[in-house]
$ cat final.csv   # CSV, C-alpha atoms
chain,number,residue,atom,x,y,z
A,1,MET,CA,0.0,0.0,0.0
A,2,GLU,CA,1.3,3.4,-1.0
A,3,PRO,CA,2.1,5.6,2.1
A,4,LEU,CA,0.1,8.8,2.6
A,5,ALA,CA,1.7,12.2,1.8
A,6,PRO,CA,3.1,14.0,4.9
A,7,HIS,CA,0.3,16.5,5.1
A,8,GLU,CA,-2.3,13.7,4.8
A,9,LYS,CA,-0.8,11.9,7.7
A,10,ILE,CA,-1.1,14.7,10.2
A,11,LEU,CA,-3.8,17.2,9.1
A,12,VAL,CA,-6.6,17.2,11.7
A,13,ASP,CA,-10.0,17.9,10.3
A,14,SER,CA,-11.8,20.6,12.3
A,15,ASP,CA,-15.0,18.5,12.1
A,16,ILE,CA,-13.5,16.6,15.1
A,17,LEU,CA,-14.8,19.4,17.3
A,18,GLU,CA,-18.4,18.5,16.3
A,19,ASP,CA,-17.9,14.8,17.1
A,20,GLU,CA,-20.6,14.1,19.8
A,21,ASN,CA,-18.5,11.5,21.5
A,22,HIS,CA,-14.9,12.9,21.2
A,23,GLY,CA,-15.2,16.5,20.3
A,24,GLU,CA,-15.0,17.9,23.8
A,25,ILE,CA,-11.8,16.0,24.6
A,26,ALA,CA,-8.8,18.2,24.4
A,27,CYS,CA,-5.8,16.9,22.5
A,28,HIS,CA,-3.5,16.9,25.5
A,29,GLU,CA,-5.9,14.8,27.5
A,30,CYS,CA,-5.0,11.8,25.4
A,31,HIS,CA,-1.7,12.8,23.8
A,32,GLY,CA,0.0,14.8,26.6
A,33,GLY,CA,2.2,17.9,25.9
A,34,ASN,CA,1.6,21.4,27.2
A,35,PRO,CA,-1.2,23.3,25.5
A,36,GLY,CA,-0.3,26.5,27.4
A,37,ASP,CA,3.2,26.7,25.9
A,38,THR,CA,3.4,29.1,22.9
A,39,ASP,CA,6.7,27.5,21.6
A,40,TRP,CA,5.6,24.5,19.5
A,41,LYS,CA,8.8,22.7,20.1
A,42,THR,CA,8.6,22.6,23.9
A,43,ALA,CA,4.8,22.4,23.8
A,44,HIS,CA,5.2,19.0,22.1
A,45,GLU,CA,7.6,17.6,24.7
A,46,GLY,CA,6.1,14.4,26.1
A,47,VAL,CA,3.6,14.0,23.4
A,48,VAL,CA,2.5,10.3,22.9
A,49,ARG,CA,1.8,9.5,19.3
A,50,ASP,CA,-0.5,6.6,20.0
A,51,PRO,CA,-2.0,6.8,23.6
A,52,THR,CA,-3.9,3.6,23.0
A,53,TYR,CA,-0.9,1.3,23.1
A,54,PRO,CA,0.3,-0.6,25.1
A,55,ASP,CA,-2.4,0.3,27.5
A,56,ALA,CA,-5.6,1.9,26.2
A,57,ALA,CA,-7.1,2.5,29.7
A,58,ALA,CA,-6.2,6.2,30.0
A,59,ALA,CA,-7.3,7.2,26.6
A,60,CYS,CA,-10.4,4.9,26.0
A,61,GLY,CA,-11.2,3.2,29.3
A,62,ASP,CA,-13.6,5.7,30.8
A,63,CYS,CA,-16.2,5.2,28.1
A,64,HIS,CA,-15.2,1.9,26.5
A,65,ASP,CA,-14.7,0.0,29.8
A,66,GLU,CA,-15.7,-3.5,28.5
A,67,ILE,CA,-13.5,-3.3,25.5
A,68,ASN,CA,-10.6,-1.9,27.6
A,69,GLU,CA,-11.1,-4.8,30.0
A,70,HIS,CA,-10.4,-7.3,27.3
A,71,TYR,CA,-8.0,-5.2,25.2
A,72,GLN,CA,-4.7,-6.6,26.6
A,73,LYS,CA,-5.7,-10.2,25.8
A,74,SER,CA,-6.8,-9.5,22.3
A,75,LEU,CA,-4.4,-11.4,20.0
A,76,HIS,CA,-4.0,-8.3,17.9
A,77,VAL,CA,-2.4,-6.6,20.9
A,78,SER,CA,-0.8,-9.4,22.9
A,79,LEU,CA,0.7,-11.3,19.9
A,80,ARG,CA,0.6,-14.3,22.2
A,81,PRO,CA,0.7,-16.9,19.5
A,82,TYR,CA,4.1,-15.6,18.3
A,83,LYS,CA,5.5,-15.8,21.8
A,84,ILE,CA,4.1,-19.3,22.4
A,85,VAL,CA,5.4,-20.9,19.2
A,86,THR,CA,8.9,-19.3,19.6
A,87,ASP,CA,9.1,-20.3,23.2
A,88,THR,CA,8.2,-23.9,22.3
A,89,ARG,CA,11.0,-24.0,19.7
A,90,ALA,CA,13.5,-22.1,21.7
A,91,ASN,CA,16.7,-23.3,23.3
A,92,PRO,CA,16.1,-23.8,27.1
A,93,ASN,CA,19.3,-21.9,28.0
A,94,ALA,CA,18.4,-18.7,29.8
A,95,GLY,CA,21.2,-16.7,28.1
A,96,VAL,CA,20.1,-17.8,24.7
A,97,ARG,CA,16.5,-17.0,25.5
A,98,ASN,CA,17.4,-13.5,26.5
A,99,LYS,CA,19.1,-12.8,23.2
A,100,LEU,CA,16.2,-14.4,21.4
A,101,ALA,CA,13.8,-12.1,23.2
A,102,GLY,CA,15.8,-9.1,22.0
A,103,ALA,CA,15.6,-10.4,18.4
A,104,MET,CA,11.8,-10.9,18.7
A,105,ASN,CA,11.4,-7.4,20.1
A,106,ALA,CA,13.3,-6.0,17.1
A,107,HIS,CA,11.6,-8.0,14.4
A,108,CYS,CA,8.4,-9.7,15.5
A,109,PHE,CA,6.5,-7.6,18.1
A,110,HIS,CA,6.1,-4.3,16.2
A,111,CYS,CA,3.2,-5.6,14.1
A,112,HIS,CA,0.7,-5.2,16.9
A,113,SER,CA,-2.6,-3.4,16.6
A,114,SER,CA,-4.2,-0.8,18.9
A,115,CYS,CA,-7.4,1.1,19.2
A,116,GLY,CA,-5.8,4.0,17.4
A,117,GLN,CA,-4.4,1.9,14.6
A,118,CYS,CA,-7.8,0.6,13.7
A,119,HIS,CA,-10.2,3.5,14.3
A,120,ILE,CA,-8.1,6.6,13.8
A,121,SER,CA,-5.0,5.9,11.7
A,122,ARG,CA,-3.5,3.5,9.3
A,123,PRO,CA,-1.3,0.8,10.9
A,124,ASN,CA,2.4,1.5,11.5
A,125,SER,CA,3.2,-1.3,9.0
A,126,VAL,CA,2.2,1.1,6.2
A,127,GLU,CA,3.8,4.2,7.9
A,128,GLY,CA,0.6,5.3,9.6
A,129,GLY,CA,-1.3,8.5,8.9
A,130,PHE,CA,-4.9,9.5,9.7
A,131,LEU,CA,-7.7,7.6,8.0
A,132,ASP,CA,-9.8,10.8,7.9
A,133,GLY,CA,-8.3,13.7,9.6
A,134,HIS,CA,-8.4,12.1,13.1
A,135,LEU,CA,-12.2,11.6,12.8
A,136,PHE,CA,-13.0,8.3,14.6
A,137,GLN,CA,-14.1,5.4,12.4
A,138,LYS,CA,-16.5,3.1,14.1
A,139,LYS,CA,-16.0,0.5,11.3
A,140,PRO,CA,-12.3,0.5,10.2
A,141,PRO,CA,-12.0,0.6,6.4
A,142,MET,CA,-10.9,-2.8,5.2
A,143,GLU,CA,-8.3,-1.8,2.6
A,144,GLU,CA,-6.7,0.8,4.8
A,145,VAL,CA,-6.6,-1.1,8.0
A,146,CYS,CA,-7.3,-4.8,7.8
A,147,THR,CA,-5.5,-5.7,4.6
A,148,ALA,CA,-2.8,-3.0,5.2
A,149,CYS,CA,-1.4,-5.5,7.7
A,150,HIS,CA,-2.9,-8.8,6.3
A,151,GLY,CA,-1.9,-8.1,2.8
A,152,SER,CA,0.7,-10.5,1.3
A,153,ARG,CA,-1.6,-13.5,1.9
A,154,ILE,CA,-5.1,-12.6,2.9
A,155,ARG,CA,-5.6,-9.5,0.7
A,156,GLN,CA,-4.1,-11.0,-2.4
A,157,GLU,CA,-6.0,-14.2,-1.9
A,158,TYR,CA,-9.3,-12.5,-1.1
A,159,PHE,CA,-9.1,-10.2,-4.1
A,160,GLY,CA,-7.7,-12.8,-6.5
A,161,GLU,CA,-4.6,-10.8,-7.1
A,162,HIS,CA,-2.3,-13.8,-7.5
A,163,GLU,CA,-1.9,-15.0,-11.1
A,164,GLY,CA,-4.1,-17.9,-11.9
A,165,THR,CA,-6.5,-17.4,-9.0
A,166,GLN,CA,-9.9,-15.7,-8.7
A,167,PRO,CA,-11.4,-13.5,-6.0
A,168,SER,CA,-13.1,-15.2,-3.2
A,169,VAL,CA,-16.8,-15.8,-3.7
A,170,HIS,CA,-17.3,-13.7,-0.6
A,171,ARG,CA,-15.5,-10.8,-2.2
A,172,LYS,CA,-17.8,-11.1,-5.2
A,173,MET,CA,-20.7,-10.7,-2.8
A,174,ASP,CA,-19.0,-7.5,-1.6
A,175,MET,CA,-18.3,-8.8,1.9
A,176,SER,CA,-15.8,-6.9,3.9
A,177,CYS,CA,-13.7,-8.4,6.7
A,178,ASP,CA,-16.3,-7.7,9.4
A,179,GLY,CA,-18.7,-9.9,7.5
A,180,CYS,CA,-17.0,-12.8,9.3
A,181,HIS,CA,-14.7,-11.1,11.8
A,182,ALA,CA,-16.9,-9.1,14.1
A,183,GLY,CA,-15.7,-6.5,16.6
A,184,GLU,CA,-16.3,-8.9,19.5
A,185,GLU,CA,-13.6,-11.2,18.1
A,186,MET,CA,-11.2,-8.3,17.3
A,187,HIS,CA,-11.5,-6.7,20.8
A,188,GLY,CA,-11.0,-10.0,22.6
A,189,ASP,CA,-13.3,-11.6,25.2
A,190,GLY,CA,-11.0,-11.5,28.2
A,191,LYS,CA,-9.6,-15.0,27.7
A,192,GLU,CA,-6.1,-15.8,26.7
A,193,TYR,CA,-5.7,-18.0,23.6
A,194,ALA,CA,-2.7,-19.9,22.2
A,195,ASN,CA,-3.8,-19.2,18.6
A,196,ARG,CA,-6.6,-17.7,16.6
A,197,PHE,CA,-8.3,-21.1,16.0
A,198,GLU,CA,-9.1,-21.4,19.7
A,199,VAL,CA,-10.9,-18.0,19.9
A,200,GLU,CA,-14.4,-18.9,21.0
A,201,ASN,CA,-16.2,-16.1,19.1
A,202,GLY,CA,-14.1,-16.6,16.0
A,203,PRO,CA,-16.0,-17.3,12.7
A,204,LYS,CA,-17.1,-20.7,11.5
A,205,CYS,CA,-18.4,-21.4,8.0
A,206,VAL,CA,-21.6,-22.9,9.5
A,207,ASP,CA,-22.4,-19.6,11.1
A,208,CYS,CA,-23.7,-18.5,7.8
A,209,HIS,CA,-24.1,-21.8,6.0
A,210,GLU,CA,-26.3,-23.4,8.6
A,211,GLU,CA,-28.3,-25.4,5.9
A,212,ILE,CA,-25.4,-27.5,4.4
A,213,TYR,CA,-26.3,-30.6,6.5
A,214,GLU,CA,-30.1,-30.3,6.0
A,215,ARG,CA,-32.0,-32.7,3.8
A,216,ASP,CA,-33.2,-30.1,1.3
A,217,ALA,CA,-29.8,-28.5,0.8
A,218,GLU,CA,-27.9,-28.9,-2.4
A,219,ASN,CA,-25.1,-31.5,-2.2
A,220,VAL,CA,-26.3,-32.5,1.3
A,221,ILE,CA,-25.0,-36.0,1.0
A,222,THR,CA,-21.5,-34.8,0.1
A,223,HIS,CA,-21.4,-32.5,3.1
A,224,ARG,CA,-22.7,-35.1,5.4
A,225,ILE,CA,-20.2,-37.7,4.3
A,226,HIS,CA,-17.3,-35.3,4.9
A,227,LYS,CA,-18.5,-33.7,8.1
A,228,ASP,CA,-15.8,-33.8,10.8
A,229,LYS,CA,-13.5,-35.5,8.2
A,230,ALA,CA,-12.4,-32.7,6.0
A,231,SER,CA,-12.5,-28.9,6.6
A,232,CYS,CA,-14.5,-26.7,4.3
A,233,HIS,CA,-11.2,-25.3,2.9
A,234,VAL,CA,-10.1,-28.8,1.7
A,235,CYS,CA,-12.9,-28.7,-0.9
A,236,HIS,CA,-13.4,-25.0,-1.5
A,237,ALA,CA,-10.0,-23.2,-1.3
A,238,GLN,CA,-7.8,-22.3,-4.3
A,239,PRO,CA,-4.0,-22.6,-4.3
A,240,TYR,CA,-2.4,-20.2,-1.9
A,241,LYS,CA,0.9,-18.7,-1.0
A,242,ASN,CA,3.6,-20.5,1.0
A,243,CYS,CA,6.9,-19.2,2.4
A,244,SER,CA,10.0,-21.2,2.8
A,245,ALA,CA,12.1,-19.4,5.4
A,246,CYS,CA,13.0,-16.0,7.0
A,247,HIS,CA,16.3,-14.7,8.4
A,248,VAL,CA,16.6,-11.6,10.5
A,249,GLY,CA,19.4,-9.3,11.4
A,250,LYS,CA,20.7,-5.7,11.6
A,251,ASP,CA,22.7,-3.8,9.0
A,252,LYS,CA,25.9,-1.8,9.7
A,253,LYS,CA,23.8,1.1,10.9
A,254,GLY,CA,21.9,-1.1,13.3
A,255,ILE,CA,18.7,-1.0,11.3
A,256,ALA,CA,16.7,-4.3,11.7
A,257,PHE,CA,15.9,-6.2,8.5
A,258,SER,CA,14.5,-9.5,7.4
A,259,LYS,CA,15.3,-11.7,4.3
A,260,THR,CA,12.8,-14.2,3.1
A,261,LYS,CA,13.6,-17.0,0.7
A,262,ALA,CA,11.4,-18.0,-2.3
A,263,SER,CA,7.7,-18.3,-1.9
A,264,TRP,CA,5.4,-20.6,-3.9
A,265,PHE,CA,1.8,-21.4,-4.6
A,266,ASP,CA,0.5,-24.7,-3.6
A,267,PHE,CA,-2.5,-26.5,-2.2
A,268,ARG,CA,-1.8,-29.2,0.4
A,269,ILE,CA,-4.1,-31.3,2.5
A,270,GLY,CA,-2.6,-32.7,5.7
A,271,LEU,CA,-3.5,-34.0,9.1
A,272,ASN,CA,-5.1,-31.6,11.5
A,273,PRO,CA,-2.4,-30.4,14.0
A,274,LEU,CA,-5.0,-28.6,16.2
A,275,LYS,CA,-7.9,-31.0,16.5
A,276,SER,CA,-10.5,-29.7,18.9
A,277,GLU,CA,-14.3,-29.8,19.5
A,278,LYS,CA,-14.5,-26.7,17.3
A,279,ARG,CA,-12.2,-28.1,14.6
A,280,PRO,CA,-12.6,-31.9,14.7
A,281,GLU,CA,-11.7,-32.5,11.1
A,282,LYS,CA,-9.1,-35.2,10.2
A,283,PHE,CA,-7.9,-33.5,7.0
A,284,VAL,CA,-7.3,-29.7,6.7
A,285,THR,CA,-5.4,-27.4,4.4
A,286,LEU,CA,-1.8,-26.6,5.4
A,287,ARG,CA,0.4,-23.6,4.7
A,288,HIS,CA,4.2,-23.5,5.1
A,289,VAL,CA,5.3,-20.7,7.3
A,290,PRO,CA,8.5,-18.7,7.0
A,291,ILE,CA,10.5,-20.2,9.8
A,292,ALA,CA,13.9,-21.9,9.8
A,293,ARG,CA,16.4,-23.3,12.3
A,294,GLU,CA,18.7,-20.4,11.6
A,295,THR,CA,16.1,-17.6,11.5
A,296,PHE,CA,17.6,-15.9,14.6
A,297,GLY,CA,21.2,-17.0,13.9
A,298,PHE,CA,22.4,-13.4,13.5
A,299,TYR,CA,21.6,-12.8,17.2
A,300,VAL,CA,22.5,-16.1,18.9
A,301,LYS,CA,23.6,-19.5,17.8
A,302,ASP,CA,21.2,-22.4,18.1
A,303,ALA,CA,18.4,-20.2,19.2
A,304,LEU,CA,15.7,-22.7,18.1
A,305,SER,CA,17.3,-25.9,19.3
A,306,ASN,CA,13.8,-27.4,19.8
A,307,PHE,CA,12.8,-26.6,16.2
A,308,ASP,CA,11.2,-30.0,15.6
A,309,ALA,CA,8.7,-29.4,18.5
A,310,LEU,CA,6.2,-27.8,16.0
A,311,PRO,CA,5.4,-28.3,12.4
A,312,THR,CA,6.5,-25.8,9.7
A,313,TRP,CA,3.3,-26.7,7.8
A,314,LYS,CA,0.6,-25.1,9.8
A,315,LEU,CA,-3.2,-25.2,9.8
A,316,ALA,CA,-4.5,-22.7,7.2
A,317,THR,CA,-7.8,-21.1,6.3
A,318,PRO,CA,-7.1,-19.5,2.9
A,319,HIS,CA,-9.3,-16.6,2.1
A,320,ASN,CA,-9.8,-17.5,-1.6
A,321,ILE,CA,-13.0,-19.6,-1.3
A,322,LYS,CA,-14.8,-20.8,-4.4
A,323,LEU,CA,-17.9,-22.9,-4.7
A,324,LYS,CA,-16.4,-25.1,-7.5
A,325,THR,CA,-12.8,-26.0,-7.4
A,326,PRO,CA,-10.7,-28.6,-9.2
A,327,GLN,CA,-10.5,-30.8,-6.1
A,328,ASN,CA,-14.3,-30.9,-5.7
A,329,SER,CA,-15.2,-31.4,-9.3
A,330,SER,CA,-15.7,-35.1,-8.7
A,331,CYS,CA,-15.0,-37.6,-5.9
A,332,ASN,CA,-11.9,-38.9,-7.6
A,333,ALA,CA,-10.5,-35.4,-8.2
A,334,CYS,CA,-9.5,-35.7,-4.6
A,335,HIS,CA,-9.8,-39.4,-3.6
A,336,GLY,CA,-6.7,-41.2,-4.7
A,337,ASN,CA,-5.1,-38.0,-5.9
A,338,GLU,CA,-1.8,-38.1,-3.9
A,339,SER,CA,-0.6,-34.8,-5.4
A,340,LEU,CA,-3.1,-32.9,-3.2
A,341,PHE,CA,-1.8,-34.4,0.0
A,342,LEU,CA,1.3,-33.5,2.0
A,343,LEU,CA,3.3,-36.8,1.8
A,344,GLU,CA,6.7,-37.5,3.3
A,345,LYS,CA,8.3,-37.2,0.0
A,346,ASP,CA,7.0,-33.6,-0.3
A,347,VAL,CA,8.9,-32.5,2.8
A,348,ALA,CA,12.6,-31.8,3.0
A,349,GLU,CA,14.4,-34.5,5.0
A,350,GLU,CA,15.6,-32.0,7.6
A,351,ARG,CA,12.0,-30.9,8.3
A,352,ARG,CA,10.3,-34.3,8.4
A,353,ALA,CA,10.7,-34.7,12.1
A,354,ALA,CA,9.0,-31.3,12.8
A,355,ASN,CA,6.2,-32.2,10.4
A,356,LYS,CA,5.5,-35.8,11.4
A,357,SER,CA,2.2,-34.9,13.0
A,358,VAL,CA,0.8,-33.3,9.8
A,359,ILE,CA,2.3,-35.5,7.0
A,360,VAL,CA,-0.2,-37.9,5.6
A,361,PRO,CA,0.9,-41.5,5.4
A,362,VAL,CA,0.2,-42.9,1.9
A,363,ASP,CA,-2.1,-45.5,3.2
A,364,LEU,CA,-4.3,-42.7,4.8
A,365,VAL,CA,-4.9,-41.0,1.4
A,366,PRO,CA,-8.6,-41.5,0.7
A,367,ARG,CA,-9.1,-44.3,-1.9
A,368,LYS,CA,-10.7,-43.7,-5.2
A,369,GLN,CA,-14.5,-44.1,-5.2
A,370,LYS,CA,-16.5,-46.2,-7.6
A,371,TRP,CA,-19.6,-44.1,-7.2
A,372,GLN,CA,-20.7,-40.5,-7.2
A,373,PRO,CA,-23.2,-39.0,-4.8
A,374,LYS,CA,-26.3,-37.5,-6.4
$ encode --input "final.csv" --output "structure tokens"
Amino acid sequence: MEPLAPHEKILVDSDILEDENHGEIACHECHGGNPGDTDWKTAHEGVVRDPTYPDAAAACGDCHDEINEHYQKSLHVSLRPYKIVTDTRANPNAGVRNKLAGAMNAHCFHCHSSCGQCHISRPNSVEGGFLDGHLFQKKPPMEEVCTACHGSRIRQEYFGEHEGTQPSVHRKMDMSCDGCHAGEEMHGDGKEYANRFEVENGPKCVDCHEEIYERDAENVITHRIHKDKASCHVCHAQPYKNCSACHVGKDKKGIAFSKTKASWFDFRIGLNPLKSEKRPEKFVTLRHVPIARETFGFYVKDALSNFDALPTWKLATPHNIKLKTPQNSSCNACHGNESLFLLEKDVAEERRAANKSVIVPVDLVPRKQKWQPK
């Protein structure tokens, strides 16, 4: 996304004074500084650019008490999944972990969200700037907020921007992110979760498609046969982006950087690594994530000595859904089609131990069918 021009980033619209909810709040009440100082340089001493992070209580808590109560445990703020997976792979040595924590702070924890970065400004990842002259947006604009952060995968998948793919059927219906991801999910519910798939008020396909298992629904037999066996994405997702590895470091000036190796498009069905009551399916779509044993090698040797503790092929929910796909064109487009499944031969030898829980043994690939449901 192209950054805003400097004046667009900072120009405050005078209409903010007419805002019935925020118009009477003086700038310094949230941002600090000294409004009585006539020297603009000293008047701005102590000004906080985003008073809603890391603690939104002072800026938003008086009115938005329920949201503020849950704010710190929202995955967009806590980034807890990053911490958990890194800690699981990390070397147990305390000294190594301290250096690893420094690397994570430099490279991984700056992509947080905040009240301000959703409802007032663009995210820091696209260099910020007001969405509309500091006017508060109850519903964050999708393409300036949501896909500004979730762009390389979700945006391009959803809009069909990758060569050879089509927009999601939901995009063709003009659905925005909040069609599935409501504010209650984004703001958190006060509980801590290890990953987004555990979030209790997160979306499920059947929230909208309640009828798929009813007798009078189209393809009801097909849906019933595959219920709890294959995720919806197994049948309805298009190929999606996978990343091989990422390495981080600092240049001669101390500026943090990251280097990613080649990415590729693929569609892989594997065993569900996060089976639960909410996600009971045996087969799910998997996406390779950009992690390597040497990702943090610039900072400390052998940082991820427990690399094999987690798979590098992770549960995926691609945002490029279609009703008709090559793999659901017939039973045997999938059954017996080993090319769709993540087999041992498809995984580099040095990563097979890490991915043993998601690799599909050849004898578990569904066999070809001699009949077609009507």
$ residues_around --input "final.csv" --residues "segment 97-101 of chain A" --least-positions-apart "5" --cutoff "9 Å" --atoms "all atoms listed in the file" --output "VMD selection string"
chain A and resid 86 to 87 90 to 92 106 296 299 to 300 303 to 304
$ residues_around --input "final.csv" --residues "segment 146-162 of chain A" --least-positions-apart "2" --cutoff "9 Å" --atoms "all atoms listed in the file" --output "ChimeraX atom specification"
/A:1,111,118,122-126,140-144,164-172,177,238-242,318-321
$ closest_residue --input "final.csv" --among "A:Lys314, A:Asp308, A:Lys278, A:Cys243" --to "Phe265 of chain A" --atoms "only C-alpha atoms"
A:Cys243
$ closest_atom_pairs --input "final.csv" --of "segment 267-346 of chain A" --to "segment 244-248 of chain A" --cutoff "12 Å" --atoms "all atoms listed in the file" --output "JSON lines"
{"residue": "A:Arg287", "atom": "CA", "partner": "A:Ser244", "partner_atom": "CA", "distance": 10.1}
{"residue": "A:His288", "atom": "CA", "partner": "A:Ser244", "partner_atom": "CA", "distance": 6.6}
{"residue": "A:Val289", "atom": "CA", "partner": "A:Ser244", "partner_atom": "CA", "distance": 6.5}
{"residue": "A:Pro290", "atom": "CA", "partner": "A:Ala245", "partner_atom": "CA", "distance": 4.0}
{"residue": "A:Ile291", "atom": "CA", "partner": "A:Ala245", "partner_atom": "CA", "distance": 4.7}
{"residue": "A:Ala292", "atom": "CA", "partner": "A:Ala245", "partner_atom": "CA", "distance": 5.4}
{"residue": "A:Arg293", "atom": "CA", "partner": "A:Ala245", "partner_atom": "CA", "distance": 9.0}
{"residue": "A:Glu294", "atom": "CA", "partner": "A:His247", "partner_atom": "CA", "distance": 7.0}
{"residue": "A:Thr295", "atom": "CA", "partner": "A:His247", "partner_atom": "CA", "distance": 4.2}
{"residue": "A:Phe296", "atom": "CA", "partner": "A:Val248", "partner_atom": "CA", "distance": 6.0}
{"residue": "A:Gly297", "atom": "CA", "partner": "A:His247", "partner_atom": "CA", "distance": 7.7}
{"residue": "A:Phe298", "atom": "CA", "partner": "A:Val248", "partner_atom": "CA", "distance": 6.8}
{"residue": "A:Tyr299", "atom": "CA", "partner": "A:Val248", "partner_atom": "CA", "distance": 8.4}
{"residue": "A:Val300", "atom": "CA", "partner": "A:Val248", "partner_atom": "CA", "distance": 11.2}
{"residue": "A:Thr312", "atom": "CA", "partner": "A:Ser244", "partner_atom": "CA", "distance": 9.0}
{"residue": "A:Trp313", "atom": "CA", "partner": "A:Ser244", "partner_atom": "CA", "distance": 10.0}
$ residues_around --input "final.csv" --residues "segment 337-346 of chain A" --least-positions-apart "4" --cutoff "10 Å" --atoms "all atoms listed in the file" --output "VMD selection string"
chain A and resid 234 266 to 271 283 to 286 313 327 331 to 333 351 to 352 355 to 356 358 to 362 364 to 368
$ closest_residue --input "final.csv" --among "A:Cys205, A:Ile212, A:Val220, A:Leu131" --to "Lys9 of chain A" --atoms "all atoms listed in the file"
A:Leu131
$ closest_residue --input "final.csv" --among "A:Asn195, A:Asn306, A:Ser121, A:Ser113" --to "Ile10 of chain A" --atoms "all atoms listed in the file"
A:Ser121
$ closest_residue --input "final.csv" --among "A:Trp40, A:Phe109, A:Phe130, A:Phe197" --to "His76 of chain A" --atoms "all atoms listed in the file"
A:Phe109
$ atom_distance --input "final.csv" --atom1 "atom CA of Gly249 of chain A" --atom2 "atom CA of Gly102 of chain A"
11.2 Å
$ residues_near_point --input "final.csv" --point "(-11.8, -22.4, 18.3)" --cutoff "10 Å" --atoms "only C-alpha atoms" --output "list in words"
Tyr193, Asn195, Arg196, Phe197, Glu198, Val199, Glu200, Asn201, Gly202, Pro203, Lys204, Leu274, Lys275, Ser276, Glu277, Lys278 and Arg279 of chain A
$ residues_around --input "final.csv" --residues "His28 of chain A" --least-positions-apart "6" --cutoff "12 Å" --atoms "all atoms listed in the file" --output "PyMOL selection string"
chain A and resi 34-37+43-49+51+58-59
$ residues_around --input "final.csv" --residues "Leu323 of chain A" --least-positions-apart "4" --cutoff "9 Å" --atoms "only C-alpha atoms" --output "JSON, numbers by chain"
{"A": [169, 235, 236, 237, 328]}
$ closest_residue --input "final.csv" --among "A:Thr222, A:Gly23, A:Ala5, A:His181" --to "Ser329 of chain A" --atoms "all atoms listed in the file"
A:Thr222
$ closest_residue --input "final.csv" --among "A:Lys229, A:Lys282, A:Lys370, A:His119" --to "His134 of chain A" --atoms "all atoms listed in the file"
A:His119
$ atom_distance --input "final.csv" --atom1 "atom CA of Cys115 of chain A" --atom2 "atom CA of Ala194 of chain A"
21.7 Å
$ atom_distance --input "final.csv" --atom1 "atom CA of Pro3 of chain A" --atom2 "atom CA of Gly128 of chain A"
7.7 Å
$ axis_aligned_box --input "final.csv" --around "segment 155-173 of chain A" --padding-each-side "3 Å" --output "JSON"
{"center_x": -11.3, "center_y": -13.7, "center_z": -5.6, "size_x": 24.8, "size_y": 14.4, "size_z": 18.6}
$ build_atoms --input "final.csv" --residues "segment 43-55 of chain A" --atoms "N, CA and C atoms" --output "PDB file, in the coordinates of the input"
ATOM      1  N   ALA A  43       6.162  22.775  23.538  1.00  0.00           N
ATOM      2  CA  ALA A  43       4.800  22.400  23.800  1.00  0.00           C
ATOM      3  C   ALA A  43       4.543  20.913  23.467  1.00  0.00           C
ATOM      4  N   HIS A  44       5.344  20.375  22.544  1.00  0.00           N
ATOM      5  CA  HIS A  44       5.200  19.000  22.100  1.00  0.00           C
ATOM      6  C   HIS A  44       6.031  18.007  22.934  1.00  0.00           C
ATOM      7  N   GLU A  45       6.780  18.496  23.894  1.00  0.00           N
ATOM      8  CA  GLU A  45       7.600  17.600  24.700  1.00  0.00           C
ATOM      9  C   GLU A  45       6.647  16.650  25.491  1.00  0.00           C
ATOM     10  N   GLY A  46       6.954  15.363  25.432  1.00  0.00           N
ATOM     11  CA  GLY A  46       6.100  14.400  26.100  1.00  0.00           C
ATOM     12  C   GLY A  46       4.909  13.910  25.382  1.00  0.00           C
ATOM     13  N   VAL A  47       4.724  14.402  24.144  1.00  0.00           N
ATOM     14  CA  VAL A  47       3.600  14.000  23.400  1.00  0.00           C
ATOM     15  C   VAL A  47       3.670  12.500  23.004  1.00  0.00           C
ATOM     16  N   VAL A  48       2.579  11.780  23.191  1.00  0.00           N
ATOM     17  CA  VAL A  48       2.500  10.300  22.900  1.00  0.00           C
ATOM     18  C   VAL A  48       1.768  10.185  21.562  1.00  0.00           C
ATOM     19  N   ARG A  49       2.419   9.586  20.586  1.00  0.00           N
ATOM     20  CA  ARG A  49       1.800   9.500  19.300  1.00  0.00           C
ATOM     21  C   ARG A  49       0.555   8.599  19.295  1.00  0.00           C
ATOM     22  N   ASP A  50       0.638   7.448  19.950  1.00  0.00           N
ATOM     23  CA  ASP A  50      -0.500   6.600  20.000  1.00  0.00           C
ATOM     24  C   ASP A  50      -0.804   6.255  21.508  1.00  0.00           C
ATOM     25  N   PRO A  51      -1.680   7.004  22.140  1.00  0.00           N
ATOM     26  CA  PRO A  51      -2.000   6.800  23.600  1.00  0.00           C
ATOM     27  C   PRO A  51      -2.776   5.539  23.844  1.00  0.00           C
ATOM     28  N   THR A  52      -3.149   4.813  22.803  1.00  0.00           N
ATOM     29  CA  THR A  52      -3.900   3.600  23.000  1.00  0.00           C
ATOM     30  C   THR A  52      -3.080   2.337  23.071  1.00  0.00           C
ATOM     31  N   TYR A  53      -1.753   2.504  22.997  1.00  0.00           N
ATOM     32  CA  TYR A  53      -0.900   1.300  23.100  1.00  0.00           C
ATOM     33  C   TYR A  53       0.355   1.699  23.937  1.00  0.00           C
ATOM     34  N   PRO A  54       0.787   0.808  24.845  1.00  0.00           N
ATOM     35  CA  PRO A  54       0.300  -0.600  25.100  1.00  0.00           C
ATOM     36  C   PRO A  54      -0.896  -0.689  25.980  1.00  0.00           C
ATOM     37  N   ASP A  55      -1.279   0.391  26.636  1.00  0.00           N
ATOM     38  CA  ASP A  55      -2.400   0.300  27.500  1.00  0.00           C
ATOM     39  C   ASP A  55      -3.422   1.409  27.145  1.00  0.00           C
TER      40      ASP A  55
END
